[in-house]
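One structure is given below, encoded as structure tokens.
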Amino acid sequence: MSVAEAPRSDASGRGSAFSGATAGDALTVVEPLIFERSRAERRAVRFPSASERARVAGDGQPQLPASVLRAHAPRLPEVSELDMLRHFNRLAHLNMAIDLNFYPLGSCTMKYNPKVNEWAARLPGLAESHPLDPEALSQGSLELMWLLAELLKEISGFGAISLQPAAGAHGELTGMLMTRAYHRANGDGERRTKVLVPDSAHGTNPATATMVGYQTVTIRSNDRGGIDLDALRASLGQDVAALMITNPSTLGIFEDQIDQVLAAVKDAGAIAYMDGANLNAILGRFKPGEAGFDIMHFNLHKTFSTPHGGGGPGAGPVGVSERIEPFLPRPMPVLVEGDPDAVRANAWAGQSTPGVRFALDDDRPQSIGKVRSLYGNFGMFVRAYTYIRSNGSAGLREISEDAVLAANYLRVSLHDVYDLPYDRLSKHEVVFSGRRQKREHGVTTLDIAKAILDHGVHPPTIYFPLIVEEALMVEPTETESLETLDHFVGVMREIAELAASDPDAIKAAPVTTPVGRLDEAAAARKPDLRYRFPDETDAPDAPAGAPTPEAPTA
Amino acid sequence: MTYSPHTDADRAQMLDAVGVSSVEDLFADIPAAVRASAWDVPAPLVEQEVRAELARLAGRNRIPEVSFLGAGAYRHLIPSVVGEVIGRSEFATSYTPYQPEVSQGTLQSIYEFQSLICELTDMEVATASHYDGATATAEAALMACRLTRRTRVAVSAGVSPDYRRVLETYCSGPGIEVVTVPVRLAEGEDGTTDPAAVQALDDVACLIAAQPNYYGQLEPMRELADAAHAAGAQFVAVVEPTSLALLEAPGAYGADIVAAEGQPLGIPINFGGPYVGLMAARMASVRQMPGRLAGATRDAQGRKGYVLTLQAREQHIRREKAASNICTNQALMALAATAYLTAVGPNGLREVAELSMTQARHLAGALESAGLAERRFGGTYLNEVALRLPNAARRHATLAERGIVAGHILERDEPELRDTLLLAATELTTDDDIARLVAGLEQTR
């Protein structure tokens with residue numbers, strides 16, 4: 001029953017490639033809320049009763065006082081297992097996903113998520129390992145974390161890695177906290193109050209700087225899409241704590257003056273932070289730690305293929321240079337008995353090393369502390385380790401080669417129909433502008449994105465980076481075939497033609513999706529953020545959009 | 001092996017279209033001075049080889065036959081159907097629902113998640129999830145600072161030490177002072193937050209307390225909430241979600257913000273993650289909440305649908321003025337919690353909570369009546385209990401070698417709690433497990 005493979009036609013005569021959602025289709029999905037499927041006393045899962053022995057044994061124990069007991073049971077849904085499974089399977093049917101659709105969402109690296117990674121993450125020996133078990137029982141988990149960190153060190157050129165941050169933005173927070181700890185340790189914490197961020201940066205970069213109490217200074221890009229070196233040098237003073245840059249940038253461009261940028265930052269005594277979101281373009285070609293960056297976060301869910309899960313979980317390990325290493329979060333998995341070279345060599349040969357012992361080192365007096373409970377998103381470490389070992393040295397290089405080749409192929413295949421504000425060699429992604437379509441036909445980038453949906457393709461990232469008007473940020477990744485890339489080119493060309501010949505048709509898109517364009521303004525004006533039971537009066541409204549007070553700072 | 005579909009012919013065709021002669025030309029923009037040196041990354045493995053390597057590592061862990069370890073991460077039954085739901089490719093391999101028309105599955109499930117968490121906590125609004133319970137707690141503290149415009153937060157020492165360390169780190173960012181309110185740990189006391197210290201609180205943005213607390217003890221949450229409110233502070237309740245089938249809901253005792261670790265709701269123990277942080281609050285505070293929110297709306301034809309909403313709080317719009325730098329949430333883990341709560345329903349969740357409590361009482365009763373251990377605290381506990389026994393650390397280690405993990409050694413967190421183990425029970429704890437623990441402690445007496 002693979003509806004996605006067989007595009008049908010709708011009234012407009014255009015193909016409906018969205019799986020099972022065309023109006024009037026037998027597979028049309030209108031799925032009520034799970035609460036609306038509930039019937040009192042219906043059950044899916046049952047649990048055993050406590051034994052008489054258990055009850056009697058606990059008789060002398062203190063009773064729960066009535067004052068702590070709940071007055072009314074929570075009104076959770078009451079459904080059978082089949083009802084429940086159908087509900088969620090029908091919801092699943094309403095999603096586009098990598099496993100169904102081309103998903104060239106720029107900056108997100110929506111590559112194929114190999115299934116052997118999932119097999120590995122579900123191995124009972126790993127999935128059932130308790131983080132507080134005695135270390136003697138957890139040697140496999142600790143070895144896996146240690147080996148993954150060793151591989152990330154090799155890949156990035158950094159001297160030390162913390163796996164603890166739970167996501168890319170969380171890695172940024174860790175990085176900025178370490179930046180501040182470093183400057184404070186050097187007696188330089190008071191005067192270094194600014195973080196420089198290029199105007200092409202991810203929104204998380206300035207938001208992170210604020211969370212650490214830093215003031216953000218925006219550095220403009222030059223007309224080639226790179227950092228304006230003069231503007232950078234003019235802003236770099238004794239009051240600057242760090243430069244946060246994404247390289248390759250959100251324009252998909254490698255910062256070809258990176259050596260000069262790093263030298264200028266170093267001269268000013270500031271920390272060079274690299275947002276590693278786009279590492280997929282440079283595996284085996286550029287090692288940020290070796291080049292002179294002090295800190296970088298990885299996005300295991302991007303470069304190393306752990307599933308994005310509809311918006312998480314991710315994992316955002318950080319790599320650091322020697323001078324930042326003392327400030328890494330604690331604890332750190334460490335090898336306490338055994339020769340690291342031998343442990344690595346044996347593991348690469350699939351062998352355990354006799355007599356080896358791993359531990360968690362919490363004795364890190366200069367550490368910024370903990371950024372997450374326990375040790376991080378271990379399940380993502382398992383997947384990333386599996387992925388790196390599967391690909392190996394040659395495979396990792398090939399990933400970047402094919403990802404970059406695909407992005408450049410799309411660049412040259414579409415640059416005659418969509419403006420390309422920075423027409424240069426691309427890395428992992430290419431950023432077009434819909435400004436011509438907007439100016440000439442009144443068709444916006446949002447309209448174009450919605451029209452793409454009707455072709456069974458997930459649109460690129462839109463309106464980002466902010467420095468490109470009507471931006472369309474396309475990241476094809478290395479796992480899409482030439483046929484898929486050509487299909488996308490065809491779709492984009494067809495939409496460009498339609499924008500000229502029948503702009504209203506594009507403005508009406510999407511027409512093959514389960515719902516049309518949704519009224520987001522109404523959603524924000526009168527927020528409806530939870531189910532209301534039939535007997536319930538409306539919950540209090542949110543206060544009208546009041547200005548947001550700034551986070552307090554000391 | 002790689003997952004690239006490209007044949008040499010494909011690559012040649014693409015290189016030709018791009019107008020370069022080799023793949024090397026695609027990297028010509030990397031300055032020679034900073035080109036990567038060689039690396040020590042091993043050779044590729046095919047599937048059966050990589051499976052063997054992961055099986056090797058899994059085999060180096062020893063999963064205990066019997067475990068009473070909790071201390072923030074609990075082994076519960078995960079119904080098979082929950083794994084089936086989160087294994088669906090359409091959920092697992094999609095991303096943040098930036099295009100709502102093709103993400104209704106994810107968005108509706110988030111809306112259902114938010115609704116379930118509101119119902120469980122008796123709060124008015126819940127977020128789409130956070131990294132874990134500790135970061136949700138820290139974000140709740142920062143949110144309280146924004147709401148009250150104060151720069152100190154108070155946290156009970158009954159909140160997990162792991163959470164408090166994360167809280168300290170987060171608060172060090174904007175320079176917020178963290179005041180720790182002691183727990184009464186002396187002989188004969190009940191292991192709960194010191195009411196005198198709570199009464200003395202002044203000029204704090206919030207008081208954070210846990211129910212049950214880290215030592216398993218039940219706190220007088222209503223009194224703590226009242227004291228916080230008297231000081232003009234928000235009351236942040238850190239709760240264990242399965243307990244809410246039995247215990248008074250935070251909304252009923254006056255919590256302003258609720259933070260929780262959602263791992264017990266259908267998420268594997270996984271050596272610490274991924275888990276899911278829960279956060280709920282009053283609607284009046286919604287614009288200061290961090291993280292994503294899904295809301296219901298309609299399309300032009302009047303069809304109901306769901307979108308991410310109130311995004312003006314978020315980093316991709318507000319940049320340096322955002323309420324938080326959060327970008328992703330833990331959507332797939334939130335889906336697991338949604339599926340779990342749906343699968344067990346109100347009766348199942350109550351059975352889980354009751355059976356966990358009954359087995360914790362069985363465990364404590366059995367050890368006490370055998371003269372092997374005594375409860376460290378007075379007062380009441382629920383599913384986890386602190387027990388004192390001679391030579392606790394040594395006997396814990398001996399039992400671990402025999403495949404029995406006798407809970408968590410509390411002296412590691414709190415030196416005052418010598419020879420004290422924190423033992424958890426869940427519905428998976430059997431009578432036989434308890435008998436084996438009793439026998440093991442008898443043998444090491």
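Residue numbers start at 1 in each chain; chains themselves are named A, B, ... in the order of the structure tokens; ligands are numbered from 1 in the order shown.
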
Long-range neighbours of A:Thr210 as a ChimeraX atom specification, 10 Å cut-off, only C-alpha atoms, 5 positions minimum in chain: /A:173,176,194-195,204-205,215-216,550-551,553 /B:173-174,319-325

Output file for the residues above (C-alpha atoms, as a compact mmCIF listing (two decimals), in the first residue's frame):
```txt
# COMPACT_ATOMS: atom_id res chain seq x y z
CA LEU A 173 25.59 27.36 25.45
CA MET A 176 29.93 30.28 25.58
CA LYS A 194 30.91 41.22 23.68
CA VAL A 195 30.44 38.35 21.27
CA THR A 204 20.70 30.37 18.20
CA ASN A 205 24.13 32.10 18.18
CA GLN A 215 26.22 41.50 24.36
CA THR A 216 25.95 40.54 20.69
CA GLU A 550 15.11 41.17 29.14
CA ALA A 551 16.73 38.33 31.04
CA THR A 553 21.90 40.16 34.36
CA GLY B 173 25.18 32.40 32.57
CA PRO B 174 23.16 35.53 33.35
CA ARG B 319 17.67 36.28 18.12
CA GLU B 320 19.46 37.94 21.07
CA LYS B 321 16.14 38.92 22.70
CA ALA B 322 14.70 35.38 22.75
CA ALA B 323 13.31 33.74 25.91
CA SER B 324 15.81 30.90 25.43
CA ASN B 325 18.28 29.66 22.83
```

Could you tell me, as a PDB file with C-alpha atoms, in the first residue's frame, which residues of stretch 62-296 of chain B DSSP assigns to alpha helix (DSSP H) when given the backbone?
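See out-v2.pdb below for the written result:
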```pdb
ATOM      1  CA  SER B  80       5.436  -2.907  22.785  1.00  0.00           C
ATOM      2  CA  VAL B  81       3.009  -0.624  21.016  1.00  0.00           C
ATOM      3  CA  VAL B  82       4.951   2.431  22.230  1.00  0.00           C
ATOM      4  CA  GLY B  83       8.094   1.230  20.446  1.00  0.00           C
ATOM      5  CA  GLU B  84       5.997   0.574  17.355  1.00  0.00           C
ATOM      6  CA  VAL B  85       4.721   4.165  17.332  1.00  0.00           C
ATOM      7  CA  ILE B  86       8.049   5.914  17.750  1.00  0.00           C
ATOM      8  CA  SER B  89       9.669   6.495   9.869  1.00  0.00           C
ATOM      9  CA  GLU B  90       7.240   9.365   9.354  1.00  0.00           C
ATOM     10  CA  PHE B  91       7.776  10.461  12.945  1.00  0.00           C
ATOM     11  CA  ALA B  92      11.426   9.472  13.315  1.00  0.00           C
ATOM     12  CA  GLN B 104       0.222  17.565  10.874  1.00  0.00           C
ATOM     13  CA  GLY B 105       1.168  14.205  12.352  1.00  0.00           C
ATOM     14  CA  THR B 106       3.970  15.680  14.416  1.00  0.00           C
ATOM     15  CA  LEU B 107       2.032  18.834  15.266  1.00  0.00           C
ATOM     16  CA  GLN B 108      -1.136  17.070  16.375  1.00  0.00           C
ATOM     17  CA  SER B 109       0.896  14.648  18.473  1.00  0.00           C
ATOM     18  CA  ILE B 110       2.648  17.598  20.152  1.00  0.00           C
ATOM     19  CA  TYR B 111      -0.733  19.206  20.843  1.00  0.00           C
ATOM     20  CA  GLU B 112      -1.874  15.922  22.373  1.00  0.00           C
ATOM     21  CA  PHE B 113       1.331  15.753  24.403  1.00  0.00           C
ATOM     22  CA  GLN B 114       0.778  19.285  25.706  1.00  0.00           C
ATOM     23  CA  SER B 115      -2.832  18.368  26.577  1.00  0.00           C
ATOM     24  CA  LEU B 116      -1.783  15.201  28.414  1.00  0.00           C
ATOM     25  CA  ILE B 117       0.865  17.024  30.438  1.00  0.00           C
ATOM     26  CA  CYS B 118      -1.629  19.751  31.363  1.00  0.00           C
ATOM     27  CA  GLU B 119      -4.082  17.089  32.498  1.00  0.00           C
ATOM     28  CA  LEU B 120      -1.475  15.181  34.472  1.00  0.00           C
ATOM     29  CA  THR B 121      -0.187  18.299  36.235  1.00  0.00           C
ATOM     30  CA  GLY B 133      14.158  17.126  33.630  1.00  0.00           C
ATOM     31  CA  ALA B 134      17.267  18.960  34.769  1.00  0.00           C
ATOM     32  CA  THR B 135      17.330  21.492  31.942  1.00  0.00           C
ATOM     33  CA  ALA B 136      13.553  21.937  32.218  1.00  0.00           C
ATOM     34  CA  THR B 137      14.080  22.786  35.885  1.00  0.00           C
ATOM     35  CA  ALA B 138      16.865  25.238  35.061  1.00  0.00           C
ATOM     36  CA  GLU B 139      14.782  26.853  32.321  1.00  0.00           C
ATOM     37  CA  ALA B 140      11.878  27.109  34.787  1.00  0.00           C
ATOM     38  CA  ALA B 141      14.152  29.023  37.172  1.00  0.00           C
ATOM     39  CA  LEU B 142      15.225  31.441  34.428  1.00  0.00           C
ATOM     40  CA  MET B 143      11.579  31.858  33.446  1.00  0.00           C
ATOM     41  CA  ALA B 144      10.706  32.737  37.049  1.00  0.00           C
ATOM     42  CA  CYS B 145      13.450  35.378  36.977  1.00  0.00           C
ATOM     43  CA  ARG B 146      11.923  36.920  33.859  1.00  0.00           C
ATOM     44  CA  LEU B 147       8.446  36.857  35.418  1.00  0.00           C
ATOM     45  CA  THR B 148       9.468  38.422  38.723  1.00  0.00           C
ATOM     46  CA  PRO B 161      21.873  16.973  43.140  1.00  0.00           C
ATOM     47  CA  ASP B 162      22.305  16.344  39.420  1.00  0.00           C
ATOM     48  CA  TYR B 163      19.523  18.839  38.667  1.00  0.00           C
ATOM     49  CA  ARG B 164      20.989  21.354  41.085  1.00  0.00           C
ATOM     50  CA  ARG B 165      24.347  21.185  39.348  1.00  0.00           C
ATOM     51  CA  VAL B 166      22.690  21.888  36.003  1.00  0.00           C
ATOM     52  CA  LEU B 167      20.711  24.710  37.614  1.00  0.00           C
ATOM     53  CA  GLU B 168      23.950  26.237  38.935  1.00  0.00           C
ATOM     54  CA  THR B 169      25.488  26.100  35.457  1.00  0.00           C
ATOM     55  CA  TYR B 170      22.483  27.675  33.765  1.00  0.00           C
ATOM     56  CA  CYS B 171      22.212  30.413  36.389  1.00  0.00           C
ATOM     57  CA  SER B 172      25.910  31.208  36.128  1.00  0.00           C
ATOM     58  CA  PRO B 195      10.285  25.039  56.796  1.00  0.00           C
ATOM     59  CA  ALA B 196      12.171  27.619  58.880  1.00  0.00           C
ATOM     60  CA  ALA B 197      14.605  28.236  56.023  1.00  0.00           C
ATOM     61  CA  VAL B 198      11.704  28.499  53.599  1.00  0.00           C
ATOM     62  CA  GLN B 199      10.002  31.090  55.784  1.00  0.00           C
ATOM     63  CA  MET B 221       4.073  21.004  48.770  1.00  0.00           C
ATOM     64  CA  ARG B 222       1.098  23.165  49.670  1.00  0.00           C
ATOM     65  CA  GLU B 223       2.958  24.791  52.567  1.00  0.00           C
ATOM     66  CA  LEU B 224       6.036  25.305  50.414  1.00  0.00           C
ATOM     67  CA  ALA B 225       3.902  26.904  47.705  1.00  0.00           C
ATOM     68  CA  ASP B 226       2.238  29.193  50.230  1.00  0.00           C
ATOM     69  CA  ALA B 227       5.608  30.243  51.624  1.00  0.00           C
ATOM     70  CA  ALA B 228       6.943  30.978  48.154  1.00  0.00           C
ATOM     71  CA  HIS B 229       3.897  33.058  47.311  1.00  0.00           C
ATOM     72  CA  ALA B 230       4.161  34.953  50.587  1.00  0.00           C
TER      73      ALA B 230
END
```

Excluding same-chain residues fewer than 4 positions from B:Gly291, what lies within 12 Å of it counting only C-alpha atoms, as number ranges by chain? A: 169, 311; B: 126-131, 135-136, 139-140, 143, 277-280, 286-287, 308-316, 322-331

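Distance annotation: of A:Ala384, A:Ala347, A:Leu485, A:Ala97, the residue with the minimal separation from chain B is A:Ala97; atom set is only C-alpha atoms.
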
With only C-alpha atoms as the basis for distance, which of B:Gly191, B:Pro290, B:Gly379, B:Gly266 is at the shortest distance from chain A? B:Gly379

Which neighbours of stretch 391-407 of chain B fall inside 8 Å, counting only C-alpha atoms, when residues of the same chain fewer than 2 positions from it are skipped, and could you give them as a count of residues only? 23

Quick one: of B:Leu265, B:Pro274, B:Leu367, B:Tyr214, who's nearest to B:Thr338, counting only C-alpha atoms? B:Leu265

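If only C-alpha atoms are the atoms counted, then among A:Val217, A:Ala406, A:Ala242, A:Ala394 the closest residue to B:Pro44 is A:Ala394.
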
Applying 7 Å and only C-alpha atoms, which residues near B:Val50 remain after dropping the ones on its own chain fewer than 3 positions away? List them as a list of chain:residue names. A:Thr386, A:Arg389, A:Ser390, B:Leu45, B:Val46, B:Glu47, B:Glu53, B:Leu54

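Minimum atom-to-atom distances from B:Ala32, B:Ala200, B:Ala245, B:Ala373 to B:Pro390 were compared using only C-alpha atoms, and the lowest value belongs to B:Ala373.
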
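If you measure from each of B:Asp202, B:Glu374, B:Asp299, B:Glu261 to chain A using only C-alpha atoms, the closest one turns out to be B:Asp299.
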
Please provide the set of residues having any atom within 7 Å of stretch 428-440 of chain A, restricted to only C-alpha atoms, with same-chain residues fewer than 5 positions apart removed, written as a list in words. Gly106, Leu251, Gly252, Asn280, Ala281, Ala403, Val404, Ala407, Arg411, Tyr418, Asp419, Leu420, Pro421, Thr445, Val468, Glu469, Glu470, Ala471, Leu472, Met473, Val474, Glu475, Pro476, Thr477 and Ala499 of chain A

Looking only at the backbone, which of the residues in stretch 252-404 of chain B does DSSP tag as strand (DSSP E or B), as a PDB file with N, CA and C atoms, in the first residue's frame?
```pdb
ATOM      1  N   ILE B 257       4.967  26.872  38.123  1.00  0.00           N
ATOM      2  CA  ILE B 257       5.653  26.207  37.018  1.00  0.00           C
ATOM      3  C   ILE B 257       5.934  24.771  37.466  1.00  0.00           C
ATOM      4  N   VAL B 258       5.754  23.826  36.545  1.00  0.00           N
ATOM      5  CA  VAL B 258       6.068  22.425  36.834  1.00  0.00           C
ATOM      6  C   VAL B 258       7.171  21.989  35.885  1.00  0.00           C
ATOM      7  N   ALA B 259       8.186  21.331  36.423  1.00  0.00           N
ATOM      8  CA  ALA B 259       9.241  20.750  35.587  1.00  0.00           C
ATOM      9  C   ALA B 259       9.366  19.288  35.967  1.00  0.00           C
ATOM     10  N   ALA B 260       9.649  18.442  34.995  1.00  0.00           N
ATOM     11  CA  ALA B 260       9.727  17.007  35.306  1.00  0.00           C
ATOM     12  C   ALA B 260      10.579  16.286  34.289  1.00  0.00           C
ATOM     13  N   GLU B 261      11.105  15.151  34.734  1.00  0.00           N
ATOM     14  CA  GLU B 261      11.754  14.223  33.818  1.00  0.00           C
ATOM     15  C   GLU B 261      10.701  13.248  33.333  1.00  0.00           C
ATOM     16  N   GLY B 277      12.272  16.404  28.843  1.00  0.00           N
ATOM     17  CA  GLY B 277      11.896  17.330  29.920  1.00  0.00           C
ATOM     18  C   GLY B 277      10.473  17.808  29.720  1.00  0.00           C
ATOM     19  N   LEU B 278       9.720  17.830  30.810  1.00  0.00           N
ATOM     20  CA  LEU B 278       8.348  18.346  30.760  1.00  0.00           C
ATOM     21  C   LEU B 278       8.320  19.704  31.447  1.00  0.00           C
ATOM     22  N   MET B 279       7.538  20.620  30.902  1.00  0.00           N
ATOM     23  CA  MET B 279       7.343  21.902  31.576  1.00  0.00           C
ATOM     24  C   MET B 279       5.909  22.370  31.375  1.00  0.00           C
ATOM     25  N   ALA B 280       5.291  22.787  32.466  1.00  0.00           N
ATOM     26  CA  ALA B 280       3.923  23.309  32.402  1.00  0.00           C
ATOM     27  C   ALA B 280       3.828  24.544  33.286  1.00  0.00           C
ATOM     28  N   ALA B 281       2.853  25.406  32.974  1.00  0.00           N
ATOM     29  CA  ALA B 281       2.744  26.669  33.717  1.00  0.00           C
ATOM     30  C   ALA B 281       1.326  27.212  33.609  1.00  0.00           C
ATOM     31  N   ALA B 294       2.801  24.051  20.272  1.00  0.00           N
ATOM     32  CA  ALA B 294       1.906  23.815  19.142  1.00  0.00           C
ATOM     33  C   ALA B 294       0.522  24.315  19.523  1.00  0.00           C
ATOM     34  N   GLY B 295      -0.183  24.910  18.546  1.00  0.00           N
ATOM     35  CA  GLY B 295      -1.523  25.406  18.808  1.00  0.00           C
ATOM     36  C   GLY B 295      -2.446  25.049  17.658  1.00  0.00           C
ATOM     37  N   ALA B 296      -3.755  25.021  17.965  1.00  0.00           N
ATOM     38  CA  ALA B 296      -4.748  24.694  16.950  1.00  0.00           C
ATOM     39  C   ALA B 296      -5.177  25.952  16.212  1.00  0.00           C
ATOM     40  N   THR B 297      -5.473  25.789  14.924  1.00  0.00           N
ATOM     41  CA  THR B 297      -6.001  26.891  14.126  1.00  0.00           C
ATOM     42  C   THR B 297      -6.765  26.283  12.947  1.00  0.00           C
ATOM     43  N   ARG B 298      -7.078  27.095  11.954  1.00  0.00           N
ATOM     44  CA  ARG B 298      -7.827  26.588  10.806  1.00  0.00           C
ATOM     45  C   ARG B 298      -7.207  27.083   9.508  1.00  0.00           C
ATOM     46  N   ASP B 299      -7.526  26.354   8.418  1.00  0.00           N
ATOM     47  CA  ASP B 299      -7.075  26.841   7.117  1.00  0.00           C
ATOM     48  C   ASP B 299      -8.203  27.656   6.479  1.00  0.00           C
ATOM     49  N   LYS B 304      -9.603  22.219  10.530  1.00  0.00           N
ATOM     50  CA  LYS B 304      -8.761  22.374  11.713  1.00  0.00           C
ATOM     51  C   LYS B 304      -7.347  21.838  11.437  1.00  0.00           C
ATOM     52  N   GLY B 305      -6.371  22.523  11.968  1.00  0.00           N
ATOM     53  CA  GLY B 305      -4.992  22.060  11.830  1.00  0.00           C
ATOM     54  C   GLY B 305      -4.152  22.651  12.944  1.00  0.00           C
ATOM     55  N   TYR B 306      -2.903  22.256  12.976  1.00  0.00           N
ATOM     56  CA  TYR B 306      -2.026  22.656  14.077  1.00  0.00           C
ATOM     57  C   TYR B 306      -0.762  23.315  13.531  1.00  0.00           C
ATOM     58  N   VAL B 307      -0.269  24.294  14.271  1.00  0.00           N
ATOM     59  CA  VAL B 307       0.950  25.011  13.868  1.00  0.00           C
ATOM     60  C   VAL B 307       1.828  25.238  15.104  1.00  0.00           C
ATOM     61  N   LEU B 308       3.103  25.532  14.876  1.00  0.00           N
ATOM     62  CA  LEU B 308       3.922  26.065  15.964  1.00  0.00           C
ATOM     63  C   LEU B 308       3.466  27.495  16.172  1.00  0.00           C
ATOM     64  N   GLU B 374      17.185  -0.162  58.317  1.00  0.00           N
ATOM     65  CA  GLU B 374      16.114   0.645  58.908  1.00  0.00           C
ATOM     66  C   GLU B 374      15.921   1.874  58.044  1.00  0.00           C
ATOM     67  N   ARG B 375      14.692   2.361  58.048  1.00  0.00           N
ATOM     68  CA  ARG B 375      14.436   3.564  57.285  1.00  0.00           C
ATOM     69  C   ARG B 375      15.235   4.726  57.859  1.00  0.00           C
ATOM     70  N   TYR B 381       7.115   8.011  52.257  1.00  0.00           N
ATOM     71  CA  TYR B 381       7.756   7.893  50.947  1.00  0.00           C
ATOM     72  C   TYR B 381       6.760   7.275  49.984  1.00  0.00           C
ATOM     73  N   GLU B 384      10.323   5.107  46.344  1.00  0.00           N
ATOM     74  CA  GLU B 384      11.767   5.057  46.536  1.00  0.00           C
ATOM     75  C   GLU B 384      12.019   5.359  48.008  1.00  0.00           C
ATOM     76  N   VAL B 385      12.921   4.594  48.628  1.00  0.00           N
ATOM     77  CA  VAL B 385      13.063   4.713  50.077  1.00  0.00           C
ATOM     78  C   VAL B 385      14.540   4.660  50.474  1.00  0.00           C
ATOM     79  N   ALA B 386      14.904   5.533  51.429  1.00  0.00           N
ATOM     80  CA  ALA B 386      16.289   5.582  51.918  1.00  0.00           C
ATOM     81  C   ALA B 386      16.401   4.662  53.126  1.00  0.00           C
ATOM     82  N   LEU B 387      17.311   3.689  53.031  1.00  0.00           N
ATOM     83  CA  LEU B 387      17.472   2.707  54.101  1.00  0.00           C
ATOM     84  C   LEU B 387      18.922   2.704  54.573  1.00  0.00           C
ATOM     85  N   ARG B 388      19.068   2.581  55.886  1.00  0.00           N
ATOM     86  CA  ARG B 388      20.424   2.549  56.439  1.00  0.00           C
ATOM     87  C   ARG B 388      20.767   1.117  56.831  1.00  0.00           C
ATOM     88  N   ILE B 404      23.104  -8.030  41.468  1.00  0.00           N
ATOM     89  CA  ILE B 404      22.036  -7.319  42.183  1.00  0.00           C
ATOM     90  C   ILE B 404      22.517  -5.898  42.476  1.00  0.00           C
TER      91      ILE B 404
END
```
